[in-house]
Amino acid sequence: MSEYLVNLKVNNIPVSVKEGTSILDAAKKLNFNIPTLCNHPDLSVAGNCRVCVVEVKGARLLAASCATPVSEGMEVSTNSEKVRTARKHVIELLLSEHNADCTKCFKNGNCELQDLASEYRVGDHVFIDLVKAKDKILDISSPSITKDDSKCIRCQRCVRTCEELQAVGALAVVKKGDHQRISTFLNKPLDEVVCTNCGQCINRCPTGSLTERTYLDEVWNAINDPSKHVVVQTAPAVRIGLGEDLGYDPGERVTGKMVAALRHIGFDSVLDTDFTADLTIMEEGTELLTRLKRALVDGEKVALPMMTSCSPGWIKFQEHMFPDLLDNLSTCKSPQQMFGALAKTYYARKKGIDPKNMVSVSIMPCTAKKFECVRPEMRDSGYQDVDYVLTTRELAMMVKQAGIDFMKLEDEKYDSIMGNSTGAAVIFGATGGVMEAALRTAYEIVTGREVPFTNLKIMPVRGFEGIKEAKIMIKGVKPEWGFLEGAELSVAIAHGLSNANELMKAVRTGKVNYHFIEVMGCPGGCLGGGGQPIPTSPDIRQKRADAIYSEDEGLPLRKSHENPEVAQIYKDFLGEPLGHKSHDLLHTHYKPRKRY
Amino acid sequence: MSNIETLVKNLVEKHGKTRNSLMPVLQGVVKEERYLSEDAMIIVAKELDLSAAEVYGTASFYTFLDTVPRGKNIVRICKTISCHMKGKDEIIEALENAMKIKVGETTHDNKFTLLTANCLGWCHKGPVMLVNDVVFPELTPEKALEVIQDYVKNSK
């Protein structure tokens with residue numbers, strides 16, 4: 001975009017904006033709100049829903065403001081009689097093909113189409129109802145995502161999300177005219193295609209067409225069953241997102257209130273995924289150092305760069321798209337699954353609970369976790385390790401259903417054991433966080449000193465650049481790590497699967513040479529996860545990231561290896577990182593999948 | 001390498017490994033195979049580095065890019081208004097009776113698939129039908145049957 005300024009008038013008020021700016025953004029600058037449905041700040045312009053139409057003086061037709069760039073001397077009216085009438089008709093036409101069963105819809109109360117229908121007070125039966133005439137398909141095949149065609153307005157946000165942000169392309173526009181649908185390859189069920197379950201489509205769907213598969217009833221039933229001991233774990237990014245659905249502005253940290261709310265709801269043990277995030281660092285850090293040693297000292301052929309394995313969307317992406325690079329993935333389970341395996345073994349034993357009476361629930365910013373917990377590999381405790389996964393949004397619903405006045409809650413602390421964590425675990429929720437946590441620990445294990453960054457803040461791995469790179473010189477190592485003396489550790493970080501795709505192509509062709517790569521499936525990392533409050537935008541992701549890093553700085557312990565509960569579990573139960581028990585409970589394997 | 005794989009690779013080599021080549025590659029496959037099989041679409045997607053859903057989306061947009069098996073010869077009778085007024089129904093009836101199939105179906109010997117098409121641009125000489133790429137204008141039921149018989153006799 002050039003620096004050349006264009007002068008125009010919006011509703012008779014002059015404004016100057018950069019050349020190439022859309023009428024929509026120019027109007028926004030003057031605080032004129034133009035409704036949109038297909039437009040989204042993360043995606044390319046589509047211009048297909050037409051609710052953002054405006055009147056441009058001298059033009060024969062109304063213009064879609066999201067798709068029309070400003071021009072010199074333009075006179076725009078965003079709210080003339082003609083515009084209001086057209087917009088109302090557009091909304092009514094969209095509704096004529098939309099199953100507006102709002103009271104029974106999972107998105108009831110958080111639906112952009114519903115909001116517009118309410119704002120414009122649409123009439124009844126203005127246009128012929130076409131809902132019944134359509135062949136609607138309800139796809140409930142996926143453990144993560146429910147897709148209901150009858151609510152789809154074909155804005156194609158999901159298609160653009162899947163293709164542009166995630167480079168997955170599970171969804172496409174199929175057929176044309178009144179047969180047009182959003183569908184998969186040959187209309188196969190979602191669980192049979194490349195869908196990574198990341199849920200980014202859900203996060204952008206303006207209606208209830210794409211929603212998470214909910215397990216609220218199952219969780220309430222478990223809580224209400226006195227014979228069950230229900231443990232709950234909460235992911236790092238939930239505590240900085242949950243507030244948004246419960247009355248707070250983006251960027252509010254609600255850790256203590258969330259813990260209190262979970263107790264009110266009736267969970268028997270309120271524990272923290274952050275504990276196993278710390279444990280992941282011990283296992284994954286050791287795994288990296290072991291791989292480096294085998295490559296550098298023993299001259300073995302080891303899969304390098306090693307890649308993180310915390311993000312189940314990313315894992316499934318790799319299984320579909322880069323099955324030749326599966327050996328590069330760390331064998332570590334994600335923190336959720338490590339937690340699940342330990343809850344029904346270590347925790348159950350320590351607390352004297354029969355694991356068969358235990359129900360393990362996790363609250364995640366993620367929809368792919370719902371798929372991950374039912375993977376057949378994830379039953380190492382002898383039971384399904386994690387029984388149900390709820391999104392941040394579903395937890396907010398539970399809080400409301402339980403009649404809790406969330407904002408008035410007093411802060412409470414997690415139960416022990418498996419409730420203690422460090423700042424290194426909290427930053428798992430932001431892109432670059434696992435890398436930063438791993439470096440804080442690995443560098444200190446190898447050199448005996450803290451990472452050479454002010455206040456432990458490894459700035460080169462932070463931020464929202466698509467692919468980040470950093471190099472760290474390792475000097476003054478302890479004698480047992482002599483082979484690393486003077487080595488330069490080279491790392492890369494990608495977030496959002498289209499960035500991961502670019503990075504993997506470079507790795508595959510040997511264009512780049514890294515030791516360690518962190519990938520998070522969702523833009524911004526877990527804080528921008530598909531299970532986080534809607535909407536999510538670049539601006540909101542920034543606020544959530546700021547909250548995560550403040551949470552880290554506010555904690556007394558900020559390095560995973562300093563977590564006393566981690567030391568205790570190795571002493572009492574696991575033995576050592578990568579030991580026998582760890583191997584059985586905390587590590588896994590991956591399988592190639594078809595690409596369609 | 002399977003036949004279809006070789007076919008797609010040759011087409012991609014001819015038209016280039018870009019997104020723009022999707023249409024000519026799909027047309028090339030249909031020309032040889034009469035339709036786009038699941039395997040064919042997966043191979044095209046892989047060769048052009050596109051998602052299989054996108055390939056299917058494109059294919060399903062165009063009537064002439066079939067995604068279900070078709071016979072060796074595809075007969076399309078124009079169903080739009082000019083041809084309708086000129087008696088396309090009688091043509092269809094004659095062909096259905098002769099071939100012992102309904103519109104949308106394929107003969108048991110896989111020789112013919114009978115379909116209808118939207119306007120073929122021959123309104124001044126309707127009714128018309130298209131057999132593969134050849135247009136037959138000003139049809140009568142008898143003329144239509146002769147055309148088909150010619151394909152049978154000459155094993156086209």
# chains A, B, ... in the order shown; residues from 1 in each chain; ligands from 1
>>> residues_around(residues="stretch 142-146 of chain B", least_positions_apart="5", cutoff="9 Å", atoms="only C-alpha atoms", output="PyMOL selection string")
chain B and resi 91+94-95+98+129+136+151
>>> write_last_selection(atoms="C-alpha atoms", output="short mmCIF file (atom, residue, chain, number, x, y, z; two decimals), in the first residue's frame")
data_model
loop_
_atom_site.label_atom_id
_atom_site.label_comp_id
_atom_site.auth_asym_id
_atom_site.auth_seq_id
_atom_site.Cartn_x
_atom_site.Cartn_y
_atom_site.Cartn_z
CA ILE B 91 -35.76 -36.84 -29.23
CA ALA B 94 -36.62 -41.95 -28.89
CA LEU B 95 -33.12 -42.20 -27.49
CA ALA B 98 -33.48 -47.18 -28.18
CA MET B 129 -27.70 -32.76 -29.41
CA PHE B 136 -26.01 -32.51 -34.47
CA TYR B 151 -21.62 -44.63 -33.59
#
>>> interface_residues(of="chain A", to="chain B", cutoff="10 Å", atoms="only C-alpha atoms", output="PyMOL selection string")
chain A and resi 159+163+167-177+179-188+193-194+594-596
>>> residues_around(residues="stretch 332-340 of chain A", least_positions_apart="2", cutoff="6 Å", atoms="only C-alpha atoms", output="tab-separated table (two decimals) with C-alpha atoms, in the first residue's frame")
chain	number	residue	atom	x	y	z
A	276	THR	CA	2.60	-31.02	32.50
A	277	ALA	CA	3.77	-28.15	30.30
A	310	CYS	CA	2.16	-29.99	21.71
A	330	SER	CA	9.26	-35.01	19.32
A	342	LEU	CA	-0.61	-39.14	34.91
A	343	ALA	CA	-4.01	-38.24	36.37
A	385	ASP	CA	-6.49	-40.86	29.52
A	386	VAL	CA	-8.59	-37.73	28.97
A	586	LEU	CA	4.44	-39.61	28.31
A	587	HIS	CA	5.62	-40.49	24.82
A	588	THR	CA	3.78	-41.56	21.71
>>> closest_residue(among="A:Ala425, A:Glu119, A:Asp268, A:Ser309", to="A:Lys351", atoms="only C-alpha atoms")
A:Asp268
>>> residues_around(residues="A:Lys478", least_positions_apart="4", cutoff="10 Å", atoms="only C-alpha atoms", output="PyMOL selection string")
chain A and resi 444-449+482-485
>>> write_last_selection(atoms="C-alpha atoms", output="PDB file, in the first residue's frame")
ATOM      1  CA  GLU A 444      20.759 -23.771  32.074  1.00  0.00           C
ATOM      2  CA  ILE A 445      21.143 -27.556  32.116  1.00  0.00           C
ATOM      3  CA  VAL A 446      24.029 -27.318  29.666  1.00  0.00           C
ATOM      4  CA  THR A 447      25.865 -24.263  31.008  1.00  0.00           C
ATOM      5  CA  GLY A 448      24.672 -24.011  34.599  1.00  0.00           C
ATOM      6  CA  ARG A 449      23.777 -20.380  33.926  1.00  0.00           C
ATOM      7  CA  GLY A 482      31.568 -30.566  26.210  1.00  0.00           C
ATOM      8  CA  PHE A 483      30.396 -31.505  22.706  1.00  0.00           C
ATOM      9  CA  LEU A 484      28.168 -28.416  22.650  1.00  0.00           C
ATOM     10  CA  GLU A 485      30.942 -25.928  23.494  1.00  0.00           C
TER      11      GLU A 485
END
>>> select_by_dssp(residues="stretch 76-137 of chain B", states="strand (DSSP E or B)", output="number ranges by chain")
B: 76-78, 106, 112-117, 129-131, 134-136
>>> write_last_selection(atoms="C-alpha atoms", output="PDB file, in the first residue's frame")
ATOM      1  CA  ARG B  76     -26.255 -34.397 -24.432  1.00  0.00           C
ATOM      2  CA  ILE B  77     -29.591 -33.116 -25.604  1.00  0.00           C
ATOM      3  CA  CYS B  78     -30.231 -29.409 -25.265  1.00  0.00           C
ATOM      4  CA  THR B 106     -25.230 -45.186 -18.951  1.00  0.00           C
ATOM      5  CA  PHE B 112     -23.390 -44.317 -24.201  1.00  0.00           C
ATOM      6  CA  THR B 113     -24.362 -41.963 -21.415  1.00  0.00           C
ATOM      7  CA  LEU B 114     -27.501 -39.932 -21.995  1.00  0.00           C
ATOM      8  CA  LEU B 115     -27.625 -36.439 -20.488  1.00  0.00           C
ATOM      9  CA  THR B 116     -29.331 -33.121 -21.000  1.00  0.00           C
ATOM     10  CA  ALA B 117     -27.500 -29.833 -21.353  1.00  0.00           C
ATOM     11  CA  MET B 129     -27.702 -32.764 -29.406  1.00  0.00           C
ATOM     12  CA  LEU B 130     -24.044 -33.035 -28.706  1.00  0.00           C
ATOM     13  CA  VAL B 131     -22.220 -36.343 -28.985  1.00  0.00           C
ATOM     14  CA  VAL B 134     -19.822 -32.950 -32.229  1.00  0.00           C
ATOM     15  CA  VAL B 135     -23.067 -31.002 -32.611  1.00  0.00           C
ATOM     16  CA  PHE B 136     -26.012 -32.512 -34.474  1.00  0.00           C
TER      17      PHE B 136
END
>>> residues_around(residues="stretch 80-84 of chain B", least_positions_apart="4", cutoff="12 Å", atoms="only C-alpha atoms", output="list in words")
Arg76, Lys88, Asp89, Glu90, Ile91, Ile92, Thr116, Ala117, Asn118, Cys119, Leu120, Gly121, Trp122, Cys123, His124, Lys125, Gly126, Pro127, Val128, Met129, Pro137, Glu138, Leu139 and Thr140 of chain B
>>> write_last_selection(atoms="N, CA and C atoms", output="PDB file, in the first residue's frame")
ATOM      1  N   ARG B  76     -25.572 -35.446 -25.205  1.00  0.00           N
ATOM      2  CA  ARG B  76     -26.255 -34.397 -24.432  1.00  0.00           C
ATOM      3  C   ARG B  76     -27.303 -33.733 -25.314  1.00  0.00           C
ATOM      4  N   LYS B  88     -37.626 -31.268 -28.276  1.00  0.00           N
ATOM      5  CA  LYS B  88     -36.547 -32.066 -27.678  1.00  0.00           C
ATOM      6  C   LYS B  88     -37.065 -33.285 -26.899  1.00  0.00           C
ATOM      7  N   ASP B  89     -38.307 -33.192 -26.386  1.00  0.00           N
ATOM      8  CA  ASP B  89     -38.847 -34.312 -25.616  1.00  0.00           C
ATOM      9  C   ASP B  89     -38.974 -35.590 -26.454  1.00  0.00           C
ATOM     10  N   GLU B  90     -39.354 -35.401 -27.709  1.00  0.00           N
ATOM     11  CA  GLU B  90     -39.478 -36.579 -28.589  1.00  0.00           C
ATOM     12  C   GLU B  90     -38.109 -37.199 -28.864  1.00  0.00           C
ATOM     13  N   ILE B  91     -37.116 -36.352 -28.997  1.00  0.00           N
ATOM     14  CA  ILE B  91     -35.756 -36.844 -29.229  1.00  0.00           C
ATOM     15  C   ILE B  91     -35.322 -37.688 -28.030  1.00  0.00           C
ATOM     16  N   ILE B  92     -35.547 -37.112 -26.859  1.00  0.00           N
ATOM     17  CA  ILE B  92     -35.146 -37.813 -25.634  1.00  0.00           C
ATOM     18  C   ILE B  92     -35.864 -39.158 -25.531  1.00  0.00           C
ATOM     19  N   THR B 116     -28.819 -34.350 -20.380  1.00  0.00           N
ATOM     20  CA  THR B 116     -29.331 -33.121 -21.000  1.00  0.00           C
ATOM     21  C   THR B 116     -28.316 -32.016 -20.735  1.00  0.00           C
ATOM     22  N   ALA B 117     -28.430 -30.948 -21.535  1.00  0.00           N
ATOM     23  CA  ALA B 117     -27.500 -29.833 -21.353  1.00  0.00           C
ATOM     24  C   ALA B 117     -28.281 -28.538 -21.445  1.00  0.00           C
ATOM     25  N   ASN B 118     -27.704 -27.485 -20.840  1.00  0.00           N
ATOM     26  CA  ASN B 118     -28.308 -26.174 -21.033  1.00  0.00           C
ATOM     27  C   ASN B 118     -27.878 -25.646 -22.406  1.00  0.00           C
ATOM     28  N   CYS B 119     -28.412 -24.509 -22.764  1.00  0.00           N
ATOM     29  CA  CYS B 119     -28.284 -23.965 -24.122  1.00  0.00           C
ATOM     30  C   CYS B 119     -26.907 -24.186 -24.747  1.00  0.00           C
ATOM     31  N   LEU B 120     -26.902 -24.773 -25.920  1.00  0.00           N
ATOM     32  CA  LEU B 120     -25.655 -25.047 -26.626  1.00  0.00           C
ATOM     33  C   LEU B 120     -25.371 -23.978 -27.676  1.00  0.00           C
ATOM     34  N   GLY B 121     -26.246 -22.960 -27.741  1.00  0.00           N
ATOM     35  CA  GLY B 121     -25.993 -21.859 -28.669  1.00  0.00           C
ATOM     36  C   GLY B 121     -26.433 -22.158 -30.096  1.00  0.00           C
ATOM     37  N   TRP B 122     -27.307 -23.126 -30.270  1.00  0.00           N
ATOM     38  CA  TRP B 122     -27.763 -23.486 -31.614  1.00  0.00           C
ATOM     39  C   TRP B 122     -29.276 -23.290 -31.734  1.00  0.00           C
ATOM     40  N   CYS B 123     -29.771 -22.266 -31.068  1.00  0.00           N
ATOM     41  CA  CYS B 123     -31.218 -22.077 -30.973  1.00  0.00           C
ATOM     42  C   CYS B 123     -31.863 -21.985 -32.353  1.00  0.00           C
ATOM     43  N   HIS B 124     -31.143 -21.448 -33.331  1.00  0.00           N
ATOM     44  CA  HIS B 124     -31.705 -21.273 -34.673  1.00  0.00           C
ATOM     45  C   HIS B 124     -31.824 -22.604 -35.414  1.00  0.00           C
ATOM     46  N   LYS B 125     -31.188 -23.635 -34.917  1.00  0.00           N
ATOM     47  CA  LYS B 125     -31.235 -24.920 -35.607  1.00  0.00           C
ATOM     48  C   LYS B 125     -31.618 -26.068 -34.679  1.00  0.00           C
ATOM     49  N   GLY B 126     -32.509 -25.749 -33.699  1.00  0.00           N
ATOM     50  CA  GLY B 126     -32.900 -26.780 -32.756  1.00  0.00           C
ATOM     51  C   GLY B 126     -33.888 -27.758 -33.360  1.00  0.00           C
ATOM     52  N   PRO B 127     -34.130 -28.875 -32.709  1.00  0.00           N
ATOM     53  CA  PRO B 127     -33.404 -29.298 -31.501  1.00  0.00           C
ATOM     54  C   PRO B 127     -32.019 -29.853 -31.843  1.00  0.00           C
ATOM     55  N   VAL B 128     -31.095 -29.657 -30.904  1.00  0.00           N
ATOM     56  CA  VAL B 128     -29.745 -30.157 -31.151  1.00  0.00           C
ATOM     57  C   VAL B 128     -29.317 -31.124 -30.070  1.00  0.00           C
ATOM     58  N   MET B 129     -28.372 -31.962 -30.438  1.00  0.00           N
ATOM     59  CA  MET B 129     -27.702 -32.764 -29.406  1.00  0.00           C
ATOM     60  C   MET B 129     -26.211 -32.751 -29.680  1.00  0.00           C
ATOM     61  N   PRO B 137     -27.452 -30.732 -35.401  1.00  0.00           N
ATOM     62  CA  PRO B 137     -28.579 -29.794 -35.356  1.00  0.00           C
ATOM     63  C   PRO B 137     -29.795 -30.329 -36.104  1.00  0.00           C
ATOM     64  N   GLU B 138     -30.872 -29.584 -35.968  1.00  0.00           N
ATOM     65  CA  GLU B 138     -32.136 -29.851 -36.677  1.00  0.00           C
ATOM     66  C   GLU B 138     -32.539 -31.326 -36.640  1.00  0.00           C
ATOM     67  N   LEU B 139     -32.586 -31.844 -35.439  1.00  0.00           N
ATOM     68  CA  LEU B 139     -32.848 -33.278 -35.279  1.00  0.00           C
ATOM     69  C   LEU B 139     -34.328 -33.620 -35.403  1.00  0.00           C
ATOM     70  N   THR B 140     -34.565 -34.827 -35.846  1.00  0.00           N
ATOM     71  CA  THR B 140     -35.867 -35.473 -35.667  1.00  0.00           C
ATOM     72  C   THR B 140     -35.525 -36.742 -34.887  1.00  0.00           C
TER      73      THR B 140
END
